[in-house]
$ cat structure_6.cif   # mmCIF, C-alpha atoms
data_query
loop_
_atom_site.label_atom_id
_atom_site.label_comp_id
_atom_site.auth_asym_id
_atom_site.auth_seq_id
_atom_site.Cartn_x
_atom_site.Cartn_y
_atom_site.Cartn_z
CA MET O 1 -21.80 -29.39 78.27
CA ARG O 2 -19.51 -30.87 75.64
CA VAL O 3 -17.84 -28.05 73.69
CA ILE O 4 -15.39 -27.95 70.77
CA GLY O 5 -13.03 -24.97 70.72
CA LEU O 6 -11.47 -23.97 67.38
CA MET O 7 -8.38 -21.82 67.09
CA SER O 8 -5.93 -20.73 64.43
CA GLY O 9 -3.37 -18.24 65.62
CA THR O 10 -1.04 -15.71 64.07
CA SER O 11 1.17 -18.48 62.71
CA TYR O 12 -1.80 -19.61 60.52
CA ASP O 13 -0.29 -23.05 60.00
CA ALA O 14 -3.18 -25.19 61.29
CA ILE O 15 -6.58 -25.26 62.92
CA ASP O 16 -6.57 -26.67 66.44
CA ALA O 17 -9.82 -28.32 67.56
CA ALA O 18 -9.95 -29.16 71.28
CA ALA O 19 -12.93 -30.82 72.93
CA ALA O 20 -13.87 -30.50 76.58
CA ASP O 21 -16.61 -31.42 79.01
CA LEU O 22 -17.46 -28.25 80.94
CA ARG O 23 -19.69 -27.82 83.94
CA LEU O 24 -20.37 -24.99 86.34
CA ASP O 25 -20.85 -25.96 90.01
CA GLY O 26 -21.48 -22.89 92.13
CA ASP O 27 -18.36 -20.77 91.82
CA THR O 28 -16.22 -23.46 90.19
CA LEU O 29 -15.91 -24.12 86.48
CA THR O 30 -14.63 -27.63 85.83
CA LEU O 31 -12.97 -28.54 82.55
CA LYS O 32 -12.24 -32.11 81.52
CA PRO O 33 -10.02 -32.25 78.41
CA LEU O 34 -11.16 -34.76 75.81
CA GLY O 35 -8.31 -34.25 73.38
CA LEU O 36 -6.99 -32.27 70.44
CA VAL O 37 -6.95 -32.71 66.70
CA SER O 38 -4.92 -30.34 64.57
CA GLU O 39 -5.74 -29.92 60.90
CA PRO O 40 -3.12 -28.11 58.78
CA TYR O 41 -4.32 -25.56 56.28
CA ASP O 42 -3.79 -26.87 52.78
CA ASP O 43 -0.88 -25.23 50.95
CA ALA O 44 -3.06 -23.25 48.55
CA LEU O 45 -5.22 -21.78 51.31
CA ARG O 46 -2.23 -20.93 53.49
CA GLU O 47 -0.51 -19.20 50.58
CA SER O 48 -3.66 -17.24 49.73
CA LEU O 49 -4.02 -16.17 53.35
CA ALA O 50 -0.38 -15.13 53.62
CA ALA O 51 -0.68 -13.12 50.41
CA ALA O 52 -3.66 -11.17 51.79
CA LEU O 53 -2.24 -10.29 55.20
CA PRO O 54 -0.70 -6.88 56.03
CA PRO O 55 1.40 -5.24 54.80
CA ALA O 56 0.12 -6.74 51.53
CA THR O 57 -2.92 -5.24 49.83
CA THR O 58 -5.98 -7.28 48.97
CA THR O 59 -9.52 -6.96 47.61
CA LEU O 60 -12.95 -7.48 49.11
CA ALA O 61 -13.43 -10.31 46.61
CA GLU O 62 -10.39 -12.11 48.03
CA VAL O 63 -11.56 -11.46 51.62
CA CYS O 64 -14.91 -13.03 50.71
CA ARG O 65 -13.21 -16.07 49.20
CA LEU O 66 -10.96 -16.47 52.24
CA ASP O 67 -13.89 -16.06 54.65
CA THR O 68 -15.67 -18.89 52.87
CA ARG O 69 -12.71 -21.22 52.43
CA ILE O 70 -11.46 -20.75 55.99
CA GLY O 71 -15.02 -21.26 57.28
CA GLN O 72 -15.18 -24.53 55.36
CA ALA O 73 -11.79 -25.60 56.77
CA PHE O 74 -12.96 -24.80 60.31
CA ALA O 75 -16.16 -26.74 59.64
CA ALA O 76 -14.17 -29.80 58.58
CA ALA O 77 -12.01 -29.55 61.70
CA ALA O 78 -15.08 -29.28 63.96
CA LEU O 79 -16.78 -32.20 62.25
CA GLY O 80 -13.66 -34.33 62.64
CA ALA O 81 -13.24 -33.39 66.31
CA ASN O 82 -16.87 -34.20 67.06
CA GLY O 83 -16.47 -37.68 65.61
CA ARG O 84 -13.00 -38.48 66.94
CA LEU O 85 -13.11 -36.80 70.36
CA CYS O 86 -16.79 -36.54 71.29
CA ASP O 87 -18.32 -39.67 69.75
CA GLY O 88 -20.63 -37.34 67.84
CA ARG O 89 -22.11 -35.90 71.06
CA ALA O 90 -20.77 -32.33 71.07
CA GLU O 91 -23.35 -29.68 71.96
CA LEU O 92 -21.58 -26.43 71.03
CA VAL O 93 -18.73 -25.12 68.89
CA ALA O 94 -16.73 -22.02 69.83
CA SER O 95 -14.69 -20.67 66.91
CA HIS O 96 -12.08 -17.96 67.22
CA GLY O 97 -11.65 -17.82 63.46
CA GLN O 98 -8.55 -16.50 61.73
CA THR O 99 -7.34 -13.01 62.58
CA VAL O 100 -6.49 -11.08 59.44
CA TYR O 101 -6.28 -7.57 60.89
CA HIS O 102 -6.12 -6.01 64.35
CA TRP O 103 -6.49 -2.23 64.02
CA ALA O 104 -4.24 -0.83 66.74
CA ASP O 105 -2.84 2.68 66.72
CA ARG O 106 -0.64 4.17 69.46
CA GLY O 107 -2.05 1.97 72.17
CA THR O 108 -5.71 2.18 71.13
CA VAL O 109 -7.53 -0.60 69.31
CA HIS O 110 -10.24 0.61 66.94
CA GLY O 111 -11.34 -2.67 65.41
CA THR O 112 -10.44 -6.24 64.58
CA LEU O 113 -11.32 -8.77 61.91
CA GLN O 114 -11.46 -12.54 62.29
CA ILE O 115 -12.72 -14.49 59.30
CA GLY O 116 -13.96 -18.04 58.83
CA GLN O 117 -17.72 -17.82 58.31
CA PRO O 118 -19.38 -19.71 61.22
CA ALA O 119 -22.44 -20.61 59.11
CA TRP O 120 -20.31 -23.29 57.41
CA ILE O 121 -19.49 -24.79 60.83
CA ALA O 122 -23.13 -24.78 61.93
CA GLU O 123 -24.27 -26.32 58.67
CA ALA O 124 -21.63 -29.07 58.67
CA THR O 125 -22.03 -30.05 62.33
CA GLY O 126 -25.66 -29.10 62.99
CA LEU O 127 -24.44 -27.44 66.20
CA PRO O 128 -24.78 -23.85 67.43
CA VAL O 129 -21.60 -21.84 67.01
CA VAL O 130 -20.27 -18.93 69.05
CA ALA O 131 -17.81 -16.86 67.02
CA ASP O 132 -16.48 -13.31 66.56
CA PHE O 133 -15.42 -12.97 70.19
CA ARG O 134 -13.17 -9.90 70.10
CA PRO O 135 -15.26 -6.97 68.75
CA ARG O 136 -17.56 -6.65 71.77
CA ASP O 137 -14.64 -5.98 74.11
CA ILE O 138 -13.27 -3.39 71.68
CA ALA O 139 -16.66 -1.70 71.51
CA ALA O 140 -16.51 -1.47 75.33
CA GLY O 141 -13.18 0.36 75.09
CA GLY O 142 -10.92 -2.67 75.41
CA GLN O 143 -8.06 -4.06 73.36
CA GLY O 144 -9.99 -7.18 72.33
CA ALA O 145 -6.98 -9.16 73.55
CA PRO O 146 -5.59 -11.17 75.15
CA LEU O 147 -8.95 -12.88 75.62
CA VAL O 148 -7.34 -15.96 77.12
CA SER O 149 -6.55 -13.80 80.14
CA LEU O 150 -9.89 -14.60 81.80
CA VAL O 151 -9.19 -18.32 81.55
CA ASP O 152 -5.65 -17.71 82.82
CA LEU O 153 -7.00 -15.89 85.86
CA LEU O 154 -9.46 -18.67 86.66
CA LEU O 155 -6.74 -21.28 86.30
CA LEU O 156 -4.06 -19.45 88.32
CA ARG O 157 -6.30 -18.46 91.20
CA GLY O 158 -5.17 -19.96 94.49
CA ARG O 159 -1.57 -20.70 93.45
CA PRO O 160 1.05 -19.35 95.86
CA GLY O 161 3.25 -16.36 95.11
CA THR O 162 2.77 -14.39 91.91
CA PRO O 163 2.25 -16.90 89.10
CA VAL O 164 1.86 -15.64 85.55
CA ALA O 165 0.45 -17.39 82.50
CA LEU O 166 2.43 -17.11 79.28
CA ASN O 167 1.35 -18.09 75.79
CA LEU O 168 3.99 -18.42 73.07
CA GLY O 169 2.29 -18.41 69.69
CA GLY O 170 3.05 -16.06 66.82
CA ILE O 171 2.71 -13.31 69.41
CA ALA O 172 3.51 -13.79 73.11
CA ASN O 173 1.02 -12.73 75.76
CA LEU O 174 1.15 -12.72 79.52
CA THR O 175 -1.45 -12.63 82.32
CA ALA O 176 -0.64 -11.71 85.93
CA PRO O 177 -2.87 -12.62 88.89
CA ASP O 178 -3.94 -9.00 89.48
CA GLY O 179 -5.55 -9.06 86.02
CA THR O 180 -2.74 -7.27 84.19
CA ALA O 181 -2.50 -8.82 80.73
CA PHE O 182 -0.83 -7.80 77.49
CA ASP O 183 1.01 -8.93 74.39
CA THR O 184 4.72 -8.80 75.19
CA GLY O 185 5.74 -8.78 71.51
CA PRO O 186 6.66 -11.45 68.98
CA ALA O 187 7.03 -15.07 70.02
CA GLY O 188 7.35 -17.00 66.77
CA ALA O 189 6.25 -14.28 64.32
CA LEU O 190 9.68 -12.91 63.38
CA ILE O 191 11.45 -16.24 63.82
CA ASP O 192 8.99 -17.88 61.42
CA ALA O 193 9.35 -15.02 58.92
CA ALA O 194 13.12 -15.41 58.92
CA VAL O 195 13.01 -19.19 58.58
CA ARG O 196 10.57 -19.02 55.65
CA ASP O 197 12.83 -16.48 53.96
CA VAL O 198 16.15 -18.29 54.42
CA SER O 199 14.64 -21.66 53.46
CA GLY O 200 12.88 -20.30 50.39
CA GLY O 201 9.54 -21.23 51.93
CA ARG O 202 10.55 -24.85 52.49
CA LEU O 203 10.37 -24.56 56.30
CA PRO O 204 7.46 -22.85 58.06
CA TYR O 205 9.27 -22.48 61.40
CA ASP O 206 12.51 -23.39 63.21
CA VAL O 207 11.82 -27.05 63.94
CA ASP O 208 13.18 -27.94 67.39
CA GLY O 209 15.20 -24.70 67.32
CA ALA O 210 17.67 -26.36 64.95
CA LEU O 211 18.74 -23.17 63.16
CA ALA O 212 18.98 -21.09 66.33
CA SER O 213 21.06 -23.78 68.01
CA ARG O 214 23.74 -23.40 65.31
CA GLY O 215 23.79 -19.61 65.45
CA THR O 216 25.27 -16.84 67.56
CA VAL O 217 23.30 -13.85 68.79
CA HIS O 218 24.29 -10.70 66.88
CA GLU O 219 24.24 -8.04 69.60
CA PRO O 220 24.00 -4.94 67.34
CA LEU O 221 20.97 -6.42 65.54
CA LEU O 222 19.41 -7.37 68.87
CA ALA O 223 19.91 -3.82 70.13
CA ARG O 224 18.20 -2.42 67.04
CA LEU O 225 15.26 -4.79 67.46
CA LEU O 226 14.91 -3.90 71.14
CA ASP O 227 14.53 -0.23 70.21
CA GLU O 228 10.98 -1.02 68.99
CA PRO O 229 8.66 1.56 70.69
CA TYR O 230 5.96 -1.06 71.30
CA TYR O 231 7.93 -2.59 74.17
CA ALA O 232 7.80 0.66 76.15
CA LEU O 233 4.02 1.09 75.90
CA PRO O 234 2.11 0.55 79.15
CA ALA O 235 -0.37 -2.29 79.58
CA PRO O 236 -2.96 -3.10 78.44
CA LYS O 237 -1.58 -3.32 74.93
CA THR O 238 -1.88 -5.67 71.98
CA THR O 239 0.01 -6.22 68.76
CA GLY O 240 0.22 -8.66 65.87
CA LYS O 241 1.62 -9.28 62.43
CA GLU O 242 0.39 -5.84 61.42
CA LEU O 243 3.63 -4.74 63.10
CA PHE O 244 5.87 -7.80 63.37
CA HIS O 245 5.97 -9.10 59.79
CA ALA O 246 8.56 -10.01 57.16
CA GLY O 247 8.85 -6.41 55.93
CA TYR O 248 9.56 -5.25 59.48
CA LEU O 249 12.34 -7.82 59.71
CA ARG O 250 13.87 -6.83 56.36
CA GLU O 251 13.96 -3.20 57.49
CA ALA O 252 15.65 -4.18 60.76
CA LEU O 253 18.26 -6.20 58.87
CA ALA O 254 19.21 -3.25 56.65
CA GLY O 255 22.76 -2.26 57.51
CA PHE O 256 23.72 -5.76 58.62
CA PRO O 257 24.65 -7.45 55.33
CA GLY O 258 26.20 -10.88 55.29
CA LEU O 259 24.71 -12.21 58.53
CA ARG O 260 24.44 -15.98 58.52
CA PRO O 261 20.87 -17.30 58.55
CA GLU O 262 21.59 -19.18 61.76
CA ASP O 263 22.74 -15.98 63.47
CA ILE O 264 19.60 -14.11 62.39
CA VAL O 265 17.36 -16.84 63.78
CA ALA O 266 19.38 -17.08 67.01
CA THR O 267 19.11 -13.30 67.46
CA LEU O 268 15.35 -13.32 66.90
CA THR O 269 14.97 -16.19 69.36
CA ARG O 270 16.91 -14.19 71.95
CA LEU O 271 14.66 -11.19 71.20
CA THR O 272 11.59 -13.23 72.10
CA ALA O 273 13.22 -14.57 75.27
CA ARG O 274 14.43 -11.11 76.34
CA THR O 275 11.15 -9.28 75.77
CA VAL O 276 9.13 -12.01 77.48
CA ALA O 277 11.52 -12.05 80.44
CA ASP O 278 11.37 -8.25 80.72
CA ALA O 279 7.59 -8.48 80.94
CA VAL O 280 7.73 -11.29 83.52
CA ARG O 281 10.12 -9.28 85.69
CA ALA O 282 7.96 -6.17 85.39
CA VAL O 283 5.06 -7.92 87.16
CA HIS O 284 7.40 -9.50 89.77
CA ALA O 285 6.42 -13.04 88.84
CA THR O 286 7.55 -15.95 90.98
CA GLU O 287 6.43 -18.67 88.53
CA VAL O 288 5.65 -18.89 84.80
CA ILE O 289 2.99 -21.28 83.50
CA ALA O 290 3.69 -21.55 79.78
CA ALA O 291 1.74 -22.85 76.79
CA GLY O 292 1.70 -22.55 73.03
CA GLY O 293 3.80 -23.76 70.14
CA GLY O 294 6.88 -21.90 71.33
CA THR O 295 7.18 -24.24 74.30
CA ARG O 296 8.22 -26.95 71.83
CA ASN O 297 11.30 -24.93 70.82
CA PRO O 298 14.02 -26.07 73.25
CA VAL O 299 16.39 -23.25 72.29
CA LEU O 300 13.75 -20.60 72.98
CA MET O 301 12.84 -22.22 76.30
CA GLY O 302 16.51 -22.48 77.24
CA MET O 303 17.11 -18.81 76.45
CA LEU O 304 13.99 -17.85 78.40
CA GLY O 305 15.26 -19.82 81.39
CA ASP O 306 18.61 -18.02 81.16
CA GLU O 307 16.90 -14.63 80.99
CA LEU O 308 14.64 -15.36 83.96
CA GLY O 309 17.35 -16.63 86.26
CA GLY O 310 15.72 -18.53 89.09
CA VAL O 311 12.07 -17.99 88.12
CA PRO O 312 10.74 -21.48 87.28
CA VAL O 313 8.97 -22.08 83.97
CA ARG O 314 6.40 -24.87 83.90
CA ALA O 315 4.05 -26.11 81.19
CA SER O 316 0.32 -25.57 81.77
CA ASP O 317 0.01 -29.37 81.72
CA VAL O 318 0.95 -29.31 85.42
CA LEU O 319 -2.44 -27.66 86.05
CA GLY O 320 -4.28 -30.16 83.87
CA LEU O 321 -4.57 -27.92 80.80
CA PRO O 322 -2.60 -29.34 77.83
CA SER O 323 -0.14 -26.68 76.72
CA ALA O 324 -0.39 -27.60 73.04
CA ALA O 325 -4.12 -26.86 73.01
CA LYS O 326 -4.51 -24.14 75.63
CA GLU O 327 -5.94 -21.45 73.34
CA ALA O 328 -8.43 -23.82 71.73
CA TYR O 329 -9.58 -24.92 75.20
CA ALA O 330 -9.76 -21.27 76.26
CA PHE O 331 -12.19 -20.44 73.47
CA ALA O 332 -14.25 -23.50 74.35
CA VAL O 333 -14.57 -21.97 77.82
CA LEU O 334 -15.45 -18.54 76.41
CA GLY O 335 -18.17 -20.06 74.21
CA PHE O 336 -19.54 -21.95 77.21
CA LEU O 337 -19.67 -18.73 79.24
CA THR O 338 -21.49 -16.91 76.43
CA VAL O 339 -24.32 -19.42 76.15
CA HIS O 340 -24.67 -19.40 79.94
CA GLY O 341 -25.04 -15.64 80.02
CA LEU O 342 -21.67 -15.02 81.69
CA PRO O 343 -19.01 -12.44 80.80
CA GLY O 344 -15.90 -13.56 78.97
CA THR O 345 -13.56 -10.67 79.75
CA CYS O 346 -11.71 -9.17 82.68
CA PRO O 347 -11.71 -5.36 82.22
CA THR O 348 -8.37 -5.06 84.01
CA SER O 349 -6.82 -7.33 81.38
CA THR O 350 -8.18 -5.70 78.23
CA GLY O 351 -8.73 -2.13 79.41
CA ALA O 352 -12.46 -2.23 78.72
CA ARG O 353 -15.01 -0.18 80.65
CA ARG O 354 -16.89 -3.29 81.72
CA ALA O 355 -16.97 -7.07 81.45
CA SER O 356 -18.84 -8.19 78.35
CA LEU O 357 -20.72 -11.16 77.02
CA LEU O 358 -18.69 -12.09 73.97
CA GLY O 359 -19.42 -13.24 70.46
CA SER O 360 -22.19 -13.74 67.99
CA VAL O 361 -24.21 -16.95 67.98
CA THR O 362 -25.17 -18.91 64.87
CA PRO O 363 -27.97 -21.40 65.65
CA GLY O 364 -27.63 -25.09 64.96
CA ARG O 365 -30.25 -27.20 63.22
CA ARG O 366 -32.24 -27.40 66.45
CA GLY O 367 -31.57 -23.89 67.67
CA PHE O 368 -29.66 -23.68 70.91
CA PRO O 369 -28.95 -26.23 73.65
CA GLY O 370 -31.81 -25.78 76.10
CA GLY O 371 -32.67 -22.43 74.56
CA MET O 372 -30.57 -19.31 75.05
CA PRO O 373 -30.21 -18.58 78.77
CA SER O 374 -31.06 -15.33 80.48
CA VAL O 375 -28.21 -12.83 80.42
CA GLY O 376 -29.41 -10.90 83.44
CA GLY O 377 -26.47 -12.12 85.54
CA VAL O 378 -23.77 -10.67 83.29
CA GLU O 379 -21.91 -9.08 86.22
CA ARG O 380 -21.37 -12.41 87.97
CA GLY O 381 -19.03 -15.19 86.97
CA PRO O 382 -17.10 -18.23 88.14
CA VAL O 383 -14.23 -17.41 90.46
CA ARG O 384 -11.92 -20.30 89.67
CA MET O 385 -11.39 -23.10 87.19
CA VAL O 386 -10.14 -26.61 87.77
CA CYS O 387 -9.15 -29.21 85.21
CA GLU O 388 -10.08 -32.84 85.71
CA PRO O 389 -7.85 -35.59 84.38
CA GLY O 390 -8.87 -36.51 80.86
CA ALA O 391 -7.93 -39.14 78.36
CA PRO O 392 -6.78 -36.98 75.45
CA ARG O 393 -7.14 -38.53 72.04
CA ARG O 394 -5.52 -37.35 68.83
#

$ encode --input "structure_6.cif" --output "structure tokens"
Amino acid sequence: MRVIGLMSGTSYDAIDAAAADLRLDGDTLTLKPLGLVSEPYDDALRESLAAALPPATTTLAEVCRLDTRIGQAFAAAALGANGRLCDGRAELVASHGQTVYHWADRGTVHGTLQIGQPAWIAEATGLPVVADFRPRDIAAGGQGAPLVSLVDLLLLRGRPGTPVALNLGGIANLTAPDGTAFDTGPAGALIDAAVRDVSGGRLPYDVDGALASRGTVHEPLLARLLDEPYYALPAPKTTGKELFHAGYLREALAGFPGLRPEDIVATLTRLTARTVADAVRAVHATEVIAAGGGTRNPVLMGMLGDELGGVPVRASDVLGLPSAAKEAYAFAVLGFLTVHGLPGTCPTSTGARRASLLGSVTPGRRGFPGGMPSVGGVERGPVRMVCEPGAPRR
């Protein structure tokens, strides 16, 4: 089945659309990457979204407008990916949507909200759409995240030692081979907030780690940041910009007047490296398979290497899964599992009572590919995933 996975993360800078050929042969799920297209949010939509996110207040009218406009942006991305990557032959779209709130309180997740109305995607492409993946896991007592952990487990299975998968987006998350998975804390979230502030909004993130490379880590500020109680919570645990936002950073900076912008960014980059490395050490990892936008920050990756000592860090590309598009490919896999009646969660990873079929399905113009399958086999699932060589197009 040819599937398009759509993802916009906590950095909310662009919509990634990754296409893959997926097939299930016995106990092996095979993924052949077909490529990635990334469509930036237009400035007006990104500003409206940023203005509505916590800790800001908003209205239901604005949520409705954002749900529609983001749905239309996702629809355009899916339509473009189908034409450019699939020659118009995609059969399914899996859309994560845009997270606007993850209701977590003292280690318990009560709800989550991803917007980007999938009806716009189905109407534009004519294809069935699986969306709204996270709530079912939460209803089953889970954290609703990190959902990529199931794909990580399938991909890592069979590797020697104790490999872990790491994703560096706005928030960093980690998956260990025993199923332990959790958000380690901020990856780019606080760095991006600082860069936007010091550049007056001109820069969305620290391009190539340029600011951090000119700065010096301020140890007292780092110590204050490391006192965050979240880091001491046991897994499974999740977090987001509901905690790690610009206001959080301003509060942390109180009492440290006159710090150079470069030193602030360098300190936040070290914070990400330190908290990720602490999490990697806690699960006794022997290898880190990394993906996400943070892998393109050489200063962050250098600091992470320093913190980890001799533990090697490799991009997920070495396993055939392009690191720049891993999350979009992961949701393509989760959508594929849903329409084949297979669970999309690992209870050990999310803390749920059971594995769940994920998402809600919006029919395409012709209904569903082959009709919706029986879901009687929800307790079974593929035991490993392999990636075939593809010819990625952009």

$ closest_residue --input "structure_6.cif" --among "O:Ala282, O:Val299, O:Ala193, O:Ala73" --to "Gly215 in chain O" --atoms "all atoms listed in the file"
O:Val299

$ closest_residue --input "structure_6.cif" --among "O:Ala94, O:Leu34, O:Leu49, O:Ala61" --to "Ala332 in chain O" --atoms "all atoms listed in the file"
O:Ala94

$ residues_around --input "structure_6.cif" --residues "Arg270 in chain O" --least-positions-apart "2" --cutoff "9 Å" --atoms "only C-alpha atoms" --output "list in words"
Val217, Leu222, Val265, Ala266, Thr267, Leu268, Thr272, Ala273, Arg274, Thr275, Leu300, Met303 and Leu304 of chain O

$ write_last_selection --input "structure_6.cif" --atoms "C-alpha atoms" --output "PDB file, in the frame of the given file"
ATOM      1  CA  VAL O 217      23.300 -13.850  68.790  1.00  0.00           C
ATOM      2  CA  LEU O 222      19.410  -7.370  68.870  1.00  0.00           C
ATOM      3  CA  VAL O 265      17.360 -16.840  63.780  1.00  0.00           C
ATOM      4  CA  ALA O 266      19.380 -17.080  67.010  1.00  0.00           C
ATOM      5  CA  THR O 267      19.110 -13.300  67.460  1.00  0.00           C
ATOM      6  CA  LEU O 268      15.350 -13.320  66.900  1.00  0.00           C
ATOM      7  CA  THR O 272      11.590 -13.230  72.100  1.00  0.00           C
ATOM      8  CA  ALA O 273      13.220 -14.570  75.270  1.00  0.00           C
ATOM      9  CA  ARG O 274      14.430 -11.110  76.340  1.00  0.00           C
ATOM     10  CA  THR O 275      11.150  -9.280  75.770  1.00  0.00           C
ATOM     11  CA  LEU O 300      13.750 -20.600  72.980  1.00  0.00           C
ATOM     12  CA  MET O 303      17.110 -18.810  76.450  1.00  0.00           C
ATOM     13  CA  LEU O 304      13.990 -17.850  78.400  1.00  0.00           C
TER      14      LEU O 304
END

$ residues_around --input "structure_6.cif" --residues "Tyr248 in chain O" --least-positions-apart "4" --cutoff "12 Å" --atoms "only C-alpha atoms" --output "JSON, numbers by chain"
{"O": [54, 55, 186, 189, 190, 191, 193, 194, 224, 225, 228, 240, 241, 242, 243, 244, 252, 253, 254]}

$ closest_residue --input "structure_6.cif" --among "O:Leu155, O:Leu45, O:Val195, O:Ala330" --to "Asp263 in chain O" --atoms "only C-alpha atoms"
O:Val195

$ closest_residue --input "structure_6.cif" --among "O:Val151, O:Met385, O:Leu31, O:Leu321" --to "Ala181 in chain O" --atoms "all atoms listed in the file"
O:Val151

$ resolve_selection --input "structure_6.cif" --expression "the PyMOL selection byres ((chain O and resi 171) around 8)" --output "list in words"
Thr10, Leu168, Gly169, Gly170, Ala172, Asn173, Asp183, Thr184, Gly185, Pro186, Ala187, Gly188, Ala189, Thr239 and Gly240 of chain O

$ resolve_selection --input "structure_6.cif" --expression "the PyMOL selection byres ((chain O and resi 15) around 12)" --output "ChimeraX atom specification"
/O:5-14,16-18,36-42,46,70-78,80-81,95-98,116,325,327-328

$ write_last_selection --input "structure_6.cif" --atoms "C-alpha atoms" --output "tab-separated table (two decimals), in the frame of the given file"
chain	number	residue	atom	x	y	z
O	5	GLY	CA	-13.03	-24.97	70.72
O	6	LEU	CA	-11.47	-23.97	67.38
O	7	MET	CA	-8.38	-21.82	67.09
O	8	SER	CA	-5.93	-20.73	64.43
O	9	GLY	CA	-3.37	-18.24	65.62
O	10	THR	CA	-1.04	-15.71	64.07
O	11	SER	CA	1.17	-18.48	62.71
O	12	TYR	CA	-1.80	-19.61	60.52
O	13	ASP	CA	-0.29	-23.05	60.00
O	14	ALA	CA	-3.18	-25.19	61.29
O	16	ASP	CA	-6.57	-26.67	66.44
O	17	ALA	CA	-9.82	-28.32	67.56
O	18	ALA	CA	-9.95	-29.16	71.28
O	36	LEU	CA	-6.99	-32.27	70.44
O	37	VAL	CA	-6.95	-32.71	66.70
O	38	SER	CA	-4.92	-30.34	64.57
O	39	GLU	CA	-5.74	-29.92	60.90
O	40	PRO	CA	-3.12	-28.11	58.78
O	41	TYR	CA	-4.32	-25.56	56.28
O	42	ASP	CA	-3.79	-26.87	52.78
O	46	ARG	CA	-2.23	-20.93	53.49
O	70	ILE	CA	-11.46	-20.75	55.99
O	71	GLY	CA	-15.02	-21.26	57.28
O	72	GLN	CA	-15.18	-24.53	55.36
O	73	ALA	CA	-11.79	-25.60	56.77
O	74	PHE	CA	-12.96	-24.80	60.31
O	75	ALA	CA	-16.16	-26.74	59.64
O	76	ALA	CA	-14.17	-29.80	58.58
O	77	ALA	CA	-12.01	-29.55	61.70
O	78	ALA	CA	-15.08	-29.28	63.96
O	80	GLY	CA	-13.66	-34.33	62.64
O	81	ALA	CA	-13.24	-33.39	66.31
O	95	SER	CA	-14.69	-20.67	66.91
O	96	HIS	CA	-12.08	-17.96	67.22
O	97	GLY	CA	-11.65	-17.82	63.46
O	98	GLN	CA	-8.55	-16.50	61.73
O	116	GLY	CA	-13.96	-18.04	58.83
O	325	ALA	CA	-4.12	-26.86	73.01
O	327	GLU	CA	-5.94	-21.45	73.34
O	328	ALA	CA	-8.43	-23.82	71.73
